[in-house]
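Colleague: Dropping the structure in here first, questions after.
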Amino acid sequence: MIFDLPEAHALVAKQDLPIPAWLFAWAASIVLIASFFALAAAWRKPQFEEESWRPSAAWLTTVLRSWPLQVLCGGLGVFLLGVGIYSAIHGTEAPDRNFAITFFFVTAWIGFPFASALLGNVFPIFNPWRAIARVAGRAHSLVARRRMPHLAYPEKLGRWPAAAGLLGFVWLEVVYGSSGGVAVGLEPHAAGVAACVYSVYTLTMMALFGTDVWCSRGEIFSVYFGMFSQLAPFGLKDGRIGRRRPLAAATHWATTVPGSTAVVIASIASTSFDGAEDGAYKQGLAHVGSWIEGLGVGPLATIRITDSLFMAATVLAVAGVYLLGVKGMRSVPGAPAFRTLTRGFAHSLIPIALAYLVAHYFSLFVYQEQAQFTYLFSDPLGTSTTDLFGTAEYGIDFNALTPNIIWYVQVAALLVGHVVGLTLAHDRALVYWPDYRRASRSQYWMLAVMVAFTCFGLYLLSVGGA
């Protein structure tokens, strides 16, 4: 991770755990198995295929979708992006004192998934690139008196650009910003340059394919945050804000758009790698790094090459575990095509992706948001020359969370996430196998997938990597 703050990593040393990690893993497996048999016995008809949509009051939609609020929130997003880029390029190179690093990699990157899972897709109204593109498009229409023509987006690409971009973003933070065991992290200047490059790239793609199309397919953050919003009880349908059955919207998110499964897998794998880098992978990274350095490669390049290899291996491992479970389901009579199963069960991994985020970044978010809303806002450049709000001398209260609270939140997140994922998988199985016996039989494989992910997550916690 990007901060040299042991407490912010939610690190709980193995010897300090209130209950041994292996016992938690055993208990978690028992809970998953018990949940599986309870679902098999009592859950015999799909419950999440229909959202049970209930539109909200018309005035609420009018207010939340009004142009003044759109302009205000979009303008805020553009302003904060600008502050982040300016701070990154012109401010201190100390990551923990520069507004940009915490804002980009904690407040936005972690905060929006949490907010989206609870409240729905809140990012579009704040999306700075969407705001800029919409203003530019409107200005072009007024001047040219016609709408800007767009290219047809290749449907086969689907969300693959977002999946690749997601891994690229994490690679920039975790691998490019790596410094060999000393958590100095990504230099703010590099983050600022990357933000500028990404802004140019995104606005170009929006101009080519259209703002809404690119946001739904290729724009990393819109797709990533939007994925988690499918779990929320609130959403937008036919231009109307309303309530829906929690989790139900996720069931069709990945079924028709290529690359959606890759986005979920990339999310789980990237968080897993970040959690394992300083824990479970530490010895392996050191061993492979020594071998690469022996070939005459420089120290920094060795670190980045080694981390890149392990990150790629993590992606392949997560994908392999999931695809092995899908392959196993194909052995059940009446199973649909492999591709159908791959896409059809991808949504069951979204709660796991959220659980990994909570387990790995919960304490980091709590601690760094104290910094974000005190000294980083007052002194965004980190140069100790400004104190805009009188809070530049504030610090982080690491006593806000105890190690036991952190540990229990992490374990609870992993357990709840996997039980919810198992429930969604069972519900989808009843769609593909109307005979509940065959549906339950198919889910032996998904149970194995969930147990594997749960034990891996708990292992990362136990060795201080999550």
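Residue numbering restarts at 1 in every chain; chains get A, B, ... in the order shown in the structure tokens, and ligands count up from 1 in that same order.
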If you run DSSP over the backbone, which residues in segment 184-302 of chain A end up strand (DSSP E)? Put them as a list of chain:residue names.

Modeller: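 Residues of segment 184-302 of chain A classed as strand (DSSP E): A:Phe234, A:Gly235, A:Leu236, A:Lys237, A:Arg240, A:Ile241, A:Gly242, A:Arg243.
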
Colleague: Show me, as a ChimeraX atom specification, the residues that have an atom within 8 Å of segment 301-314 of chain A when counting only C-alpha atoms, minus same-chain residues fewer than 3 positions from it.

Modeller: /A:171,175-176,178-180,269-270,272-273,277,285,288-289,292-293,297-298,317-318

Colleague: Using only C-alpha atoms, determine which residues lie at most 12 Å from segment 155-158 of chain A, disregarding the query and same-chain residues fewer than 4 positions distant; provide the list as a PyMOL selection string.

Modeller: chain A and resi 151+162-164+209+213-219+223+253-263

Colleague: In Å, how far is it from atom CA of Ala452 of chain A to atom CA of Phe362 of chain A?

Modeller: 22.0 Å

Colleague: What does the distance between atom CA of Trp160 of chain A and atom CA of Gly120 of chain A come to in Å, to one decimal place?

Modeller: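 Computing it gives 22.8 Å between the two atoms.
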
Colleague: Counting only C-alpha atoms, which residue out of A:Val264, A:Pro124, A:Thr391, A:Gly382 sits closest to Arg65 of chain A?

Modeller: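 Closest residue, counting only C-alpha atoms: A:Pro124.
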
Colleague: Please build the interface table for segment 6-113 of chain A against segment 365-377 of chain A with a cut-off of 8 Å, listing for each qualifying residue the nearest atom pair and the distance in Å to one decimal; count only C-alpha atoms, order rows by chain and increasing number, and write it as JSON lines.

Modeller:
{"residue": "A:Ala8", "atom": "CA", "partner": "A:Tyr367", "partner_atom": "CA", "distance": 6.1}
{"residue": "A:Arg97", "atom": "CA", "partner": "A:Leu376", "partner_atom": "CA", "distance": 6.7}
{"residue": "A:Asn98", "atom": "CA", "partner": "A:Leu376", "partner_atom": "CA", "distance": 6.8}
{"residue": "A:Phe99", "atom": "CA", "partner": "A:Leu376", "partner_atom": "CA", "distance": 5.1}
{"residue": "A:Thr102", "atom": "CA", "partner": "A:Gln372", "partner_atom": "CA", "distance": 6.7}
{"residue": "A:Phe103", "atom": "CA", "partner": "A:Gln372", "partner_atom": "CA", "distance": 7.1}
{"residue": "A:Val106", "atom": "CA", "partner": "A:Phe365", "partner_atom": "CA", "distance": 6.2}
{"residue": "A:Thr107", "atom": "CA", "partner": "A:Glu369", "partner_atom": "CA", "distance": 6.8}
{"residue": "A:Ile110", "atom": "CA", "partner": "A:Phe365", "partner_atom": "CA", "distance": 7.2}
{"residue": "A:Gly111", "atom": "CA", "partner": "A:Phe365", "partner_atom": "CA", "distance": 7.7}

Colleague: Which of these residues is nearest to Tyr432 of chain A, using only C-alpha atoms: A:Ser87, A:Gln410, A:Thr340, A:Ser331?

Modeller: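 Answer, going by the shortest atom-to-atom distance: A:Thr340.
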
Colleague: Using backbone DSSP assignments, extract all helix (DSSP H, G or I) residues from segment 11-208 of chain A; output them as number ranges by chain.

Modeller: A: 14-16, 21-42, 58-64, 67-90, 99-108, 111-119, 123-126, 128-144, 160-176, 188-208

Colleague: Using only C-alpha atoms, which of the listed residues (A:Leu119, A:Ala195, A:Ala413, A:Ala359) sits closest to Leu231 of chain A?

Modeller: A:Leu119

Colleague: From the list A:Gly395, A:Pro161, A:Cys455, A:Ile125, which residue is nearest Ser66 of chain A when using only C-alpha atoms?

Modeller: A:Ile125

Colleague: Between atom CA of Glu50 of chain A and atom CA of Phe123 of chain A, measure the distance and give it in Å to one decimal.

Modeller: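 About the pair atom CA of Glu50 of chain A and atom CA of Phe123 of chain A: they are 24.4 Å apart.
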
Colleague: Give the answer as one residue: which of A:Val83, A:Ala355, A:Val451, A:Val431 has the shortest atom-to-atom distance to Val409 of chain A, using only C-alpha atoms?

Modeller: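 Checking each candidate against Val409 of chain A, we get A:Ala355 as the closest.
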
Colleague: Select, from A:Phe221, A:Tyr201, A:Tyr356, A:Trp291, the residue with the minimum atom-to-atom distance to Gly457 of chain A, counting only C-alpha atoms.

Modeller: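 Under the stated criterion, the closest residue is A:Tyr356.
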
Colleague: Considering only C-alpha atoms, return as a list in words whatever protein or nucleic-acid residues lie within 10 Å of Ala57 of chain A, sequence-local ones (same chain, fewer than 6 positions apart) excluded.

Modeller: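 Surrounding residues, per the criterion: Arg240, Ile241 and Gly242 of chain A.
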